[in-house]
Every structure is written in C-alpha cells, then in structure tokens.
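Just work_7.cif here, mmCIF, C-alpha atoms and all ligand atoms:
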```cif
data_my_file
loop_
_atom_site.label_atom_id
_atom_site.label_comp_id
_atom_site.auth_asym_id
_atom_site.auth_seq_id
_atom_site.Cartn_x
_atom_site.Cartn_y
_atom_site.Cartn_z
CA MET A 116 1.68 6.29 -15.04
CA TRP A 117 -1.46 7.54 -13.38
CA HIS A 118 -2.73 10.98 -14.37
CA GLY A 119 0.78 12.10 -15.27
CA LYS A 120 2.34 10.71 -12.08
CA LYS A 121 5.02 8.05 -12.03
CA VAL A 122 3.90 4.91 -10.16
CA ALA A 123 6.43 2.80 -8.26
CA VAL A 124 5.94 -0.45 -6.35
CA ILE A 125 8.33 -1.33 -3.52
CA PHE A 126 8.85 -5.04 -2.86
CA PRO A 127 11.01 -5.80 0.19
CA THR A 128 12.37 -9.28 -0.09
CA TYR A 129 13.77 -11.72 2.41
CA ASN A 130 12.34 -15.15 1.72
CA GLU A 131 10.32 -14.88 -1.51
CA LYS A 132 12.58 -16.49 -4.08
CA ASP A 133 9.83 -18.73 -5.44
CA SER A 134 7.20 -16.05 -5.89
CA ILE A 135 9.03 -12.80 -6.61
CA ARG A 136 9.36 -13.19 -10.37
CA ARG A 137 5.66 -13.83 -10.86
CA ALA A 138 4.77 -10.95 -8.51
CA ILE A 139 6.94 -8.44 -10.39
CA LEU A 140 5.51 -9.51 -13.75
CA ALA A 141 1.93 -9.37 -12.43
CA TYR A 142 2.37 -5.78 -11.23
CA TYR A 143 3.99 -4.69 -14.51
CA ALA A 144 1.21 -6.47 -16.41
CA THR A 145 -1.29 -3.90 -15.09
CA GLY A 146 0.28 -1.42 -17.52
CA LEU A 147 0.06 1.20 -14.77
CA VAL A 148 3.30 0.56 -12.90
CA ASP A 149 6.38 2.43 -14.14
CA GLU A 150 8.92 0.89 -11.81
CA VAL A 151 9.16 -2.05 -9.44
CA ILE A 152 11.87 -1.54 -6.83
CA VAL A 153 13.03 -4.75 -5.19
CA VAL A 154 14.81 -4.18 -1.90
CA ASN A 155 16.97 -7.23 -1.29
CA ASN A 156 17.24 -7.52 2.51
CA ASN A 157 19.86 -10.28 2.70
CA ALA A 158 17.37 -12.35 0.73
CA ALA A 159 17.49 -16.09 0.08
CA PRO A 160 20.16 -17.14 -2.39
CA GLY A 161 18.82 -17.16 -5.94
CA THR A 162 16.49 -14.17 -5.42
CA SER A 163 18.59 -11.84 -7.61
CA GLU A 164 18.55 -14.40 -10.42
CA GLU A 165 14.74 -14.47 -10.24
CA VAL A 166 14.56 -10.67 -10.38
CA ALA A 167 16.98 -10.40 -13.31
CA GLY A 168 15.32 -9.77 -16.65
CA THR A 169 11.94 -8.74 -15.20
CA GLY A 170 12.60 -5.02 -15.59
CA ALA A 171 12.59 -4.46 -11.83
CA ARG A 172 15.37 -2.44 -10.20
CA GLU A 173 17.09 -4.38 -7.44
CA ILE A 174 18.73 -2.49 -4.60
CA PHE A 175 20.32 -3.86 -1.45
CA GLU A 176 19.73 -3.09 2.23
CA THR A 177 21.93 -4.99 4.62
CA LYS A 178 20.26 -3.74 7.81
CA GLN A 179 17.80 -6.54 8.56
CA GLY A 180 14.07 -5.89 8.94
CA TYR A 181 10.89 -5.02 7.05
CA GLY A 182 11.07 -1.34 8.09
CA ASN A 183 14.71 -0.93 7.07
CA ALA A 184 13.96 -2.47 3.68
CA LEU A 185 10.96 -0.20 3.07
CA LEU A 186 12.87 2.92 4.14
CA CYS A 187 15.62 2.04 1.69
CA GLY A 188 13.02 1.68 -1.07
CA ILE A 189 11.35 4.99 -0.19
CA ASP A 190 14.69 6.82 -0.20
CA ASN A 191 15.54 5.37 -3.61
CA SER A 192 12.32 6.30 -5.33
CA ASP A 193 11.31 9.51 -7.06
CA ALA A 194 7.80 8.40 -8.03
CA GLY A 195 4.77 10.61 -7.43
CA LEU A 196 2.75 7.61 -6.21
CA VAL A 197 4.46 4.88 -4.21
CA ILE A 198 2.83 1.50 -3.54
CA PHE A 199 4.17 -0.71 -0.75
CA SER A 200 3.54 -4.40 -1.26
CA GLU A 201 4.99 -7.87 -0.72
CA PRO A 202 6.27 -10.31 -3.35
CA ASP A 203 5.16 -13.43 -1.44
CA GLY A 204 2.07 -14.11 -3.56
CA THR A 205 -0.35 -12.80 -0.90
CA PHE A 206 -1.26 -9.62 -2.80
CA SER A 207 -2.56 -9.19 -6.31
CA GLY A 208 -1.35 -6.80 -9.02
CA HIS A 209 -5.03 -6.53 -9.93
CA ASP A 210 -5.56 -4.29 -6.88
CA VAL A 211 -3.14 -1.62 -8.12
CA ILE A 212 -5.94 0.02 -10.09
CA LYS A 213 -8.11 0.26 -6.96
CA LEU A 214 -5.33 1.96 -4.99
CA LEU A 215 -4.71 4.37 -7.87
CA ALA A 216 -8.40 5.16 -8.34
CA TYR A 217 -8.67 6.31 -4.72
CA SER A 218 -5.40 8.26 -4.97
CA ASP A 219 -7.36 10.76 -7.07
CA ASP A 220 -9.19 11.75 -3.91
CA VAL A 221 -6.79 11.15 -1.02
CA PRO A 222 -2.99 11.16 -0.68
CA VAL A 223 -2.89 7.89 1.27
CA VAL A 224 -4.78 4.65 0.57
CA PHE A 225 -4.45 1.81 3.07
CA GLY A 226 -5.45 -1.75 2.27
CA THR A 227 -7.49 -4.01 4.50
CA ARG A 228 -7.42 -7.81 4.49
CA THR A 229 -10.38 -8.30 6.78
CA THR A 230 -13.19 -8.21 4.19
CA ARG A 231 -14.48 -11.78 3.96
CA GLU A 232 -15.17 -11.76 0.20
CA PHE A 233 -11.56 -10.84 -0.51
CA ILE A 234 -9.87 -13.49 1.61
CA TRP A 235 -8.90 -16.38 -0.65
CA GLN A 236 -8.64 -20.03 0.27
CA GLY A 237 -5.40 -20.84 2.05
CA ALA A 238 -4.70 -17.21 3.01
CA ASN A 239 -3.13 -16.77 6.43
CA MET A 240 -6.07 -14.80 7.77
CA GLY A 241 -7.70 -17.04 10.32
CA LYS A 242 -9.97 -15.72 13.08
CA PHE A 243 -7.12 -14.81 15.44
CA LEU A 244 -5.24 -12.65 12.90
CA CYS A 245 -8.37 -11.20 11.38
CA TRP A 246 -9.99 -10.15 14.67
CA GLY A 247 -6.64 -9.16 16.19
CA ASN A 248 -5.84 -6.77 13.36
CA TRP A 249 -9.41 -5.51 13.40
CA ALA A 250 -9.35 -4.88 17.16
CA VAL A 251 -6.08 -2.88 17.10
CA ALA A 252 -7.35 -0.92 14.08
CA LYS A 253 -10.61 -0.09 15.89
CA MET A 254 -8.68 0.91 19.00
CA THR A 255 -6.63 3.30 16.82
CA GLU A 256 -9.71 4.66 15.11
CA LEU A 257 -11.37 5.39 18.45
CA LEU A 258 -8.32 6.74 20.32
CA PHE A 259 -7.45 9.14 17.49
CA ASN A 260 -11.03 9.81 16.36
CA THR A 261 -9.99 9.15 12.81
CA THR A 262 -11.28 7.60 9.56
CA LEU A 263 -12.63 4.03 9.41
CA LEU A 264 -9.91 1.43 10.03
CA THR A 265 -10.28 -2.35 10.02
CA ASP A 266 -6.76 -3.75 9.60
CA MET A 267 -3.59 -2.66 11.36
CA GLY A 268 -1.27 -5.04 9.55
CA CYS A 269 -2.01 -4.79 5.83
CA THR A 270 1.25 -4.20 3.99
CA GLN A 271 -0.26 -3.22 0.63
CA ARG A 272 -0.89 0.52 0.56
CA LEU A 273 -0.29 3.67 -1.50
CA LEU A 274 1.29 6.94 -0.41
CA SER A 275 1.74 10.05 -2.52
CA ARG A 276 5.18 11.64 -2.64
CA GLU A 277 3.86 14.65 -0.69
CA ALA A 278 2.57 12.43 2.13
CA LEU A 279 5.82 10.46 2.22
CA GLN A 280 7.92 13.60 2.38
CA LEU A 281 5.93 14.85 5.34
CA ILE A 282 6.18 11.68 7.42
CA ARG A 283 9.62 10.42 6.33
CA PRO A 284 11.63 12.23 9.08
CA HIS A 285 9.43 10.55 11.71
CA LEU A 286 9.80 6.96 10.50
CA SER A 287 12.23 5.18 12.79
CA ILE A 288 11.16 1.55 13.16
CA GLY A 289 13.31 -0.99 11.34
CA GLY A 290 11.26 -4.11 12.11
CA SER A 291 7.83 -5.54 11.37
CA HIS A 292 5.83 -2.85 13.18
CA PHE A 293 7.06 -0.23 10.69
CA GLY A 294 3.70 -0.66 8.92
CA PRO A 295 1.64 0.47 11.94
CA GLN A 296 4.09 3.36 12.48
CA VAL A 297 3.43 4.62 8.95
CA LEU A 298 -0.30 4.50 9.68
CA LEU A 299 0.08 6.35 13.00
CA GLU A 300 2.26 9.05 11.44
CA VAL A 301 -0.30 9.56 8.67
CA VAL A 302 -2.99 9.96 11.35
CA GLN A 303 -0.85 12.26 13.53
CA HIS A 304 0.03 14.47 10.55
CA GLY A 305 -3.66 14.82 9.69
CA ILE A 306 -3.11 13.42 6.20
CA PRO A 307 -6.43 12.46 4.57
CA PHE A 308 -6.70 8.73 3.93
CA VAL A 309 -9.08 5.92 3.15
CA GLU A 310 -8.92 2.17 3.70
CA ILE A 311 -10.08 -0.21 0.96
CA PRO A 312 -10.31 -4.04 0.68
CA MET A 313 -7.42 -5.90 -0.91
CA ASN A 314 -7.48 -9.46 -2.23
CA TYR A 315 -5.51 -11.62 0.16
CA CYS A 316 -4.20 -14.98 -1.04
CA ALA A 317 -2.16 -17.88 0.26
CA ARG A 318 1.54 -17.19 0.74
CA VAL A 319 4.10 -18.97 -1.43
CA GLY A 320 6.74 -20.40 0.93
CA GLU A 321 7.33 -19.96 4.64
CA SER A 322 6.01 -16.93 6.52
CA SER A 323 8.53 -15.69 9.05
CA VAL A 324 6.25 -13.34 10.99
CA THR A 325 2.53 -14.03 11.26
CA GLY A 326 2.84 -17.72 10.35
CA SER A 327 3.70 -18.49 13.96
CA PHE A 328 1.01 -17.91 16.61
CA TRP A 329 3.47 -16.65 19.24
CA LYS A 330 5.28 -14.31 16.85
CA ALA A 331 1.92 -12.90 15.75
CA TRP A 332 0.85 -12.57 19.43
CA LYS A 333 4.05 -10.67 20.24
CA LEU A 334 3.67 -8.43 17.19
CA GLY A 335 0.07 -7.73 18.23
CA TRP A 336 1.15 -6.50 21.68
CA ARG A 337 3.95 -4.42 20.17
CA MET A 338 1.37 -2.79 17.90
CA ILE A 339 -0.90 -2.05 20.87
CA PHE A 340 2.02 -0.58 22.81
CA LEU A 341 2.95 1.55 19.80
CA VAL A 342 -0.60 2.89 19.41
CA LEU A 343 -0.75 3.76 23.13
CA SER A 344 2.71 5.38 22.98
CA TYR A 345 1.52 7.63 20.17
CA ARG A 346 -1.78 8.39 21.85
CA PHE A 347 -0.32 9.31 25.21
CA GLY A 348 2.49 11.39 23.80
CA LEU A 349 5.44 9.06 24.49
CA ILE A 350 6.46 9.61 20.88
CA ALA A 351 5.76 13.32 20.98
CA ARG A 352 7.45 15.16 18.19
CA GLU A 353 6.82 18.48 16.48
CA ARG A 354 4.85 17.69 13.37
CA LEU A 355 3.94 19.88 10.44
CA ARG A 356 0.29 19.00 9.84
CA TRP A 357 -0.93 18.31 6.31
CA GLN A 358 -3.04 21.46 6.21
CA GLU A 359 -0.26 23.66 7.55
CA ALA A 360 2.11 22.22 4.95
CA ALA A 361 -0.12 23.90 2.35
CA ILE A 362 0.00 20.93 -0.01
CA THR A 363 -2.77 20.96 -2.57
CA PRO A 364 -4.83 17.89 -1.71
CA PRO A 365 -5.67 15.61 -4.64
CA ARG A 366 -9.39 16.27 -4.25
CA ALA A 367 -8.89 20.01 -4.66
CA ARG A 368 -6.84 19.34 -7.77
CA GLN A 369 -9.67 17.20 -9.07
CA GLU A 370 -12.16 19.97 -8.43
CA GLU A 371 -9.97 22.43 -10.30
CA ALA A 372 -9.98 20.04 -13.22
CA GLN A 373 -13.78 19.68 -13.16
CA PRO A 374 -15.16 20.53 -16.58
CA SER A 375 -17.96 23.11 -16.86
CA THR A 376 -21.61 22.03 -17.24
CA GLU A 377 -21.53 23.27 -20.85
CA SER A 378 -18.54 21.15 -21.83
CA LEU A 379 -20.05 18.14 -20.02
CA ALA A 380 -23.31 18.63 -21.96
CA ALA A 381 -21.36 18.81 -25.25
CA LEU A 382 -19.49 15.63 -24.33
CA ALA A 383 -22.70 13.79 -23.43
CA ARG A 384 -24.25 14.91 -26.76
CA GLU A 385 -21.25 13.65 -28.68
CA VAL A 386 -21.32 10.26 -26.93
CA ARG A 387 -25.09 9.94 -27.61
CA GLU A 388 -24.64 10.84 -31.28
CA ARG A 389 -21.85 8.33 -31.64
CA ALA A 390 -23.99 5.62 -30.02
CA ASP A 391 -26.95 6.49 -32.31
CA SER A 392 -24.85 6.35 -35.48
CA LYS A 393 -23.36 3.04 -34.35
CA SER A 394 -26.79 1.44 -33.79
CA GLY A 395 -27.88 2.90 -37.18
CA THR A 396 -24.99 1.10 -38.86
CA LEU A 397 -25.94 -2.12 -37.10
CA LEU A 398 -29.58 -1.78 -38.26
CA GLN A 399 -28.46 -1.20 -41.86
CA ARG A 400 -26.54 -4.44 -41.72
N1 LIG A 501 10.94 -11.88 8.15
C1 LIG A 501 11.56 -10.88 7.56
N2 LIG A 501 10.89 -10.26 6.56
C2 LIG A 501 11.53 -9.25 5.98
C3 LIG A 501 12.81 -8.83 6.37
N3 LIG A 501 13.16 -7.81 5.59
C4 LIG A 501 12.15 -7.60 4.75
N4 LIG A 501 11.14 -8.46 4.98
C5 LIG A 501 9.86 -8.50 4.26
O1 LIG A 501 8.79 -8.38 5.17
C6 LIG A 501 7.61 -8.94 4.62
C7 LIG A 501 6.89 -9.74 5.70
O2 LIG A 501 7.50 -10.96 5.93
P1 LIG A 501 6.66 -12.31 5.77
O3 LIG A 501 7.60 -13.44 6.02
O4 LIG A 501 5.88 -12.27 4.50
O5 LIG A 501 5.73 -12.23 6.98
P2 LIG A 501 4.23 -12.58 7.06
O6 LIG A 501 4.10 -13.53 8.17
O7 LIG A 501 3.70 -12.96 5.73
O8 LIG A 501 3.67 -11.24 7.56
P3 LIG A 501 2.56 -10.40 6.92
O9 LIG A 501 2.90 -10.32 5.46
O10 LIG A 501 2.64 -9.09 7.61
O11 LIG A 501 1.31 -11.13 7.18
C8 LIG A 501 8.06 -9.76 3.42
O12 LIG A 501 7.70 -9.08 2.23
C9 LIG A 501 9.57 -9.80 3.57
O13 LIG A 501 10.21 -9.82 2.34
C10 LIG A 501 13.48 -9.50 7.41
O14 LIG A 501 14.59 -9.19 7.81
N5 LIG A 501 12.82 -10.53 7.99
MG MG A 502 3.67 -11.64 3.91
#
```

As structure tokens:
Amino acid sequence: MWHGKKVAVIFPTYNEKDSIRRAILAYYATGLVDEVIVVNNNAAPGTSEEVAGTGAREIFETKQGYGNALLCGIDNSDAGLVIFSEPDGTFSGHDVIKLLAYSDDVPVVFGTRTTREFIWQGANMGKFLCWGNWAVAKMTELLFNTTLLTDMGCTQRLLSREALQLIRPHLSIGGSHFGPQVLLEVVQHGIPFVEIPMNYCARVGESSVTGSFWKAWKLGWRMIFLVLSYRFGLIARERLRWQEAAITPPRARQEEAQPSTESLAALAREVRERADSKSGTLLQR
C-alpha cells in the first residue's frame, strides 16, 4: 500500500525460471507491494512451480510477446499504482520505494538504466545499448518537446490507474517495442511524468532480446521508426488529453493535503520537545 493505494507489480515471464522466485520475494520484501502478478507467456517449464507458494498470482497469456503479456497483466489488475518490471534479476525490489515516492507528484514514473553509478557489474548495458537508448530517448525528448528522457528501453516503470485507463485503448503493440509505445502514448496524452535512475544488474539466464547485437540493432531501428510514426502523425488517433480528462493530478492532491503553517509549527514543537526530553533522559543516565 502507498498512501491508501494498492500497489501491484507485473512480471511478464518467458525465460526466467531461475530468477523469478527470488524476484517475487524481493519485491514483496519491500513491504509496499500488495500483489505481484506473474504473466506466464508460454514460459519455460518449471516456472509455475517456482512461482507457487510465493504469494504471487499467476495468470496465463498464450499470445507470444512482451506487449501481449503486459497488456494481459494490466487488464487483470485493479491496483491504483501499477509497476511494470522483469523477473530476470536485472531490476531490484529496492527501487520500488523510489518509484512510489515520485508517484506522489506525477502519475507516471519511468526508469532509466543509463546512469553510470546505477549500472552494476555484469549488467547488459555496454556502450552500444547505453548510447543507443539514450540517443532514441533524446530524439523523442526533442521531437515532442517533452520532459527529460535518457532511456527508451527501461522496462521498470510505474503508472497510476488513471494514466493507464487513459492510454489503454491506444496500446496495440504485442512485441518488445510495447515499452516505447507506452512512453509515446504518455507523451501524446500530455500525462505528467518523470524519469529516475534504476539499479541495473546482470541478468540471470539467457537474454532473448538485447543480448544479441543484431536483435538489439533491429529493435533500435523499430523504436526510431515508431517515434517518427508518432511524431509525423502516422499513428494519428483522437486522444483525450490528461488535462481535458479532468483527473486530479497527484501533485494537486498533495497540495490539498498540505497542513497549515500553524499545525506544522505545532508538529515541529512537539518533535523538538520529544528530542529534548530524550536527551535529558540520556544525560540523567
Ligand atoms: N523474449 C521474449 N520475452 C518475453 C516474451 N513474453 C514476455 N517476455 C518478457 O519480456 C522481457 C524481456 O525479455 P528478455 O529476454 O529479458 O530480454 P532482454 O534482452 O533482457 O531485454 P531487456 O530486458 O529489454 O533489456 C522478459 O521479462 C520476458 O519475460 C516473449 O514471447 N519473448
Ligand atoms: Mg530483461
């Protein structure tokens, strides 16, 4: 739970049998996650056995692809805050609190894996992937004149239910470039967002997408083509913009909940008094 909102994590799974159990437990161990939804996308044999007993809810999507798996998870969740992630050991449950902290201010929080201090040894984030993701993100930022972006391919992110409801009818990509489509729909709907660094670790097991140079190269060009298609209206659709949808943004809700100066002063006094009495007790000892 986060400020009265249910928190769900969606883990699509295809080839993460050896890491999924640990990932689920790590996210639950934060004490902030109410539900982990595992979307079994014709996953490796033995995956269900690893999920059993962790408390996660396993659902099945037979249509192959990262996007299809995520869409199935979204449609089967009623949480107020939904975190997309991967159970391959690359992301850390520790970052859940960072995503949630920013969700107080914005309805969408994207992760970035291009901050040097957060890239761990053995992570699949060499120069080609790092600069490639950065370049496509910068291209998007410039073409849409939007908020700072530094990673087009980070799959750990948080979306509020309101943001998801707005963009859901527009999400159509079943494959790996579903992630960039979510980002572009958020931008096109004018939904406020921020991008924050995520810890990025070595993958457990074989990567089936960005582990191969040529697959990553192809995905890169597909992302560029997608960005250009959005920018030049090839995917023109009527969209209800965030502001027109009259959804109370989280920041406004925060402002409403701002305590008065008087009550803040009383609180500060109380904290000071408590600190004074505590140090008095220590001195007496
Ligand atoms: N390859 C593949 N992945 C799928 C499929 N359905 C869901 N996924 C999920 O998509 C995510 C990305 O696949 P990975 O093999 O981790 O690819 P990767 O090379 O690590 O790619 P990135 O995580 O984007 O860097 C994983 O969480 C998979 O579980 C599918 O049909 N094929
Ligand atoms: Mg991965």

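Proximity to ligand LIG 501 (chain A) was assessed for A:Leu334, A:Val297, A:Val148, A:Leu258 counting only C-alpha atoms and all ligand atoms; the smallest distance is recorded for A:Leu334.
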
_Exercise answer, 9 Å around ligand MG 502 (chain A) with all atoms listed in the file, as a ChimeraX atom specification_ = /A:200-206,239,270,318,322-326

*From the list A:Val151, A:Val319, A:Cys187, A:Ile135, which residue is nearest A:Glu164 when using only C-alpha atoms?*
A:Ile135

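Note that atom CA of A:Ile189 and atom N5 of ligand LIG 501 (chain A) are 17.6 Å apart.
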
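Here atom CA of A:Pro374 is placed at a distance of 27.0 Å from atom CA of A:Ala278.
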
_Protein and nucleic acid residues within 9 Å of ligand LIG 501 (chain A) (only C-alpha atoms and all ligand atoms) as a PyMOL selection string_ = chain A and resi 126-131+154-158+176+178-185+200-203+205+239-240+244+268-270+289-292+294+318+320-327+330-331

Would you save the residues of that selection, restricted to C-alpha atoms, as a PDB file, in the coordinates of the input?
```pdb
ATOM      1  CA  PHE A 126       8.850  -5.040  -2.860  1.00  0.00           C
ATOM      2  CA  PRO A 127      11.010  -5.800   0.190  1.00  0.00           C
ATOM      3  CA  THR A 128      12.370  -9.280  -0.090  1.00  0.00           C
ATOM      4  CA  TYR A 129      13.770 -11.720   2.410  1.00  0.00           C
ATOM      5  CA  ASN A 130      12.340 -15.150   1.720  1.00  0.00           C
ATOM      6  CA  GLU A 131      10.320 -14.880  -1.510  1.00  0.00           C
ATOM      7  CA  VAL A 154      14.810  -4.180  -1.900  1.00  0.00           C
ATOM      8  CA  ASN A 155      16.970  -7.230  -1.290  1.00  0.00           C
ATOM      9  CA  ASN A 156      17.240  -7.520   2.510  1.00  0.00           C
ATOM     10  CA  ASN A 157      19.860 -10.280   2.700  1.00  0.00           C
ATOM     11  CA  ALA A 158      17.370 -12.350   0.730  1.00  0.00           C
ATOM     12  CA  GLU A 176      19.730  -3.090   2.230  1.00  0.00           C
ATOM     13  CA  LYS A 178      20.260  -3.740   7.810  1.00  0.00           C
ATOM     14  CA  GLN A 179      17.800  -6.540   8.560  1.00  0.00           C
ATOM     15  CA  GLY A 180      14.070  -5.890   8.940  1.00  0.00           C
ATOM     16  CA  TYR A 181      10.890  -5.020   7.050  1.00  0.00           C
ATOM     17  CA  GLY A 182      11.070  -1.340   8.090  1.00  0.00           C
ATOM     18  CA  ASN A 183      14.710  -0.930   7.070  1.00  0.00           C
ATOM     19  CA  ALA A 184      13.960  -2.470   3.680  1.00  0.00           C
ATOM     20  CA  LEU A 185      10.960  -0.200   3.070  1.00  0.00           C
ATOM     21  CA  SER A 200       3.540  -4.400  -1.260  1.00  0.00           C
ATOM     22  CA  GLU A 201       4.990  -7.870  -0.720  1.00  0.00           C
ATOM     23  CA  PRO A 202       6.270 -10.310  -3.350  1.00  0.00           C
ATOM     24  CA  ASP A 203       5.160 -13.430  -1.440  1.00  0.00           C
ATOM     25  CA  THR A 205      -0.350 -12.800  -0.900  1.00  0.00           C
ATOM     26  CA  ASN A 239      -3.130 -16.770   6.430  1.00  0.00           C
ATOM     27  CA  MET A 240      -6.070 -14.800   7.770  1.00  0.00           C
ATOM     28  CA  LEU A 244      -5.240 -12.650  12.900  1.00  0.00           C
ATOM     29  CA  GLY A 268      -1.270  -5.040   9.550  1.00  0.00           C
ATOM     30  CA  CYS A 269      -2.010  -4.790   5.830  1.00  0.00           C
ATOM     31  CA  THR A 270       1.250  -4.200   3.990  1.00  0.00           C
ATOM     32  CA  GLY A 289      13.310  -0.990  11.340  1.00  0.00           C
ATOM     33  CA  GLY A 290      11.260  -4.110  12.110  1.00  0.00           C
ATOM     34  CA  SER A 291       7.830  -5.540  11.370  1.00  0.00           C
ATOM     35  CA  HIS A 292       5.830  -2.850  13.180  1.00  0.00           C
ATOM     36  CA  GLY A 294       3.700  -0.660   8.920  1.00  0.00           C
ATOM     37  CA  ARG A 318       1.540 -17.190   0.740  1.00  0.00           C
ATOM     38  CA  GLY A 320       6.740 -20.400   0.930  1.00  0.00           C
ATOM     39  CA  GLU A 321       7.330 -19.960   4.640  1.00  0.00           C
ATOM     40  CA  SER A 322       6.010 -16.930   6.520  1.00  0.00           C
ATOM     41  CA  SER A 323       8.530 -15.690   9.050  1.00  0.00           C
ATOM     42  CA  VAL A 324       6.250 -13.340  10.990  1.00  0.00           C
ATOM     43  CA  THR A 325       2.530 -14.030  11.260  1.00  0.00           C
ATOM     44  CA  GLY A 326       2.840 -17.720  10.350  1.00  0.00           C
ATOM     45  CA  SER A 327       3.700 -18.490  13.960  1.00  0.00           C
ATOM     46  CA  LYS A 330       5.280 -14.310  16.850  1.00  0.00           C
ATOM     47  CA  ALA A 331       1.920 -12.900  15.750  1.00  0.00           C
TER      48      ALA A 331
END
```

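Minimum atom-to-atom distances from A:Leu257, A:Val221, A:Leu263, A:Ala138 to A:Phe308 were compared using all atoms listed in the file, and the lowest value belongs to A:Val221.
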
Enclose all atoms of stretch 253-258 of chain A listed in the file in an axis-aligned box, grow every side by 3 Å, and hand back centre and edge lengths in Å to one decimal, as JSON.
```
{"center_x": -9.0, "center_y": 3.3, "center_z": 17.7, "size_x": 10.7, "size_y": 12.8, "size_z": 11.2}
```

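Using all atoms listed in the file, the smallest distance between any of A:Ala123, A:Val342, A:Leu281, A:Ala159 and A:Ile362 comes from A:Leu281.
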
_Å distance separating atom CA of A:Val224 from atom CA of A:His209, one decimal place_ = 15.3 Å

*With distances taken over all atoms listed in the file, which of A:Val223, A:Met116, A:Arg384, A:Glu173 is nearest to A:Gly188?*
A:Glu173

*Can you work out which one of A:Ala194, A:Val166, A:Leu214, A:Leu355 has the shortest atom-to-atom distance to A:Ile311, counting only C-alpha atoms?*
A:Leu214

_Just want the 10 Å neighbourhood of A:Gly247, counted on only C-alpha atoms, with same-chain residues fewer than 5 positions away dropped. Output as a list in words._
Gly241, Lys242, Ala252, Lys253, Thr265, Asp266, Met267, Gly268, Ala331, Trp332, Gly335 and Trp336 of chain A

Selected residues written out with C-alpha atoms, as a PDB file, in the coordinates of the input:
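Below you can see result_10.pdb, which holds the result:
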```pdb
ATOM      1  CA  GLY A 241      -7.700 -17.040  10.320  1.00  0.00           C
ATOM      2  CA  LYS A 242      -9.970 -15.720  13.080  1.00  0.00           C
ATOM      3  CA  ALA A 252      -7.350  -0.920  14.080  1.00  0.00           C
ATOM      4  CA  LYS A 253     -10.610  -0.090  15.890  1.00  0.00           C
ATOM      5  CA  THR A 265     -10.280  -2.350  10.020  1.00  0.00           C
ATOM      6  CA  ASP A 266      -6.760  -3.750   9.600  1.00  0.00           C
ATOM      7  CA  MET A 267      -3.590  -2.660  11.360  1.00  0.00           C
ATOM      8  CA  GLY A 268      -1.270  -5.040   9.550  1.00  0.00           C
ATOM      9  CA  ALA A 331       1.920 -12.900  15.750  1.00  0.00           C
ATOM     10  CA  TRP A 332       0.850 -12.570  19.430  1.00  0.00           C
ATOM     11  CA  GLY A 335       0.070  -7.730  18.230  1.00  0.00           C
ATOM     12  CA  TRP A 336       1.150  -6.500  21.680  1.00  0.00           C
TER      13      TRP A 336
END
```

*Place a sphere of radius 7 Å on (-8.5, -11.1, 1.5) in the file coordinates and name every protein, DNA or RNA residue with an atom inside or on its surface, counting all atoms listed in the file; give the answer as a PyMOL selection string.*
chain A and resi 228-235+313-316

*asked:* Could you list, as a list of chain:residue names, every residue within 8 Å of A:Leu286, counting all atoms listed in the file and ignoring same-chain residues fewer than 5 positions away?
replied: A:Phe293, A:Gln296, A:Val297, A:Glu300
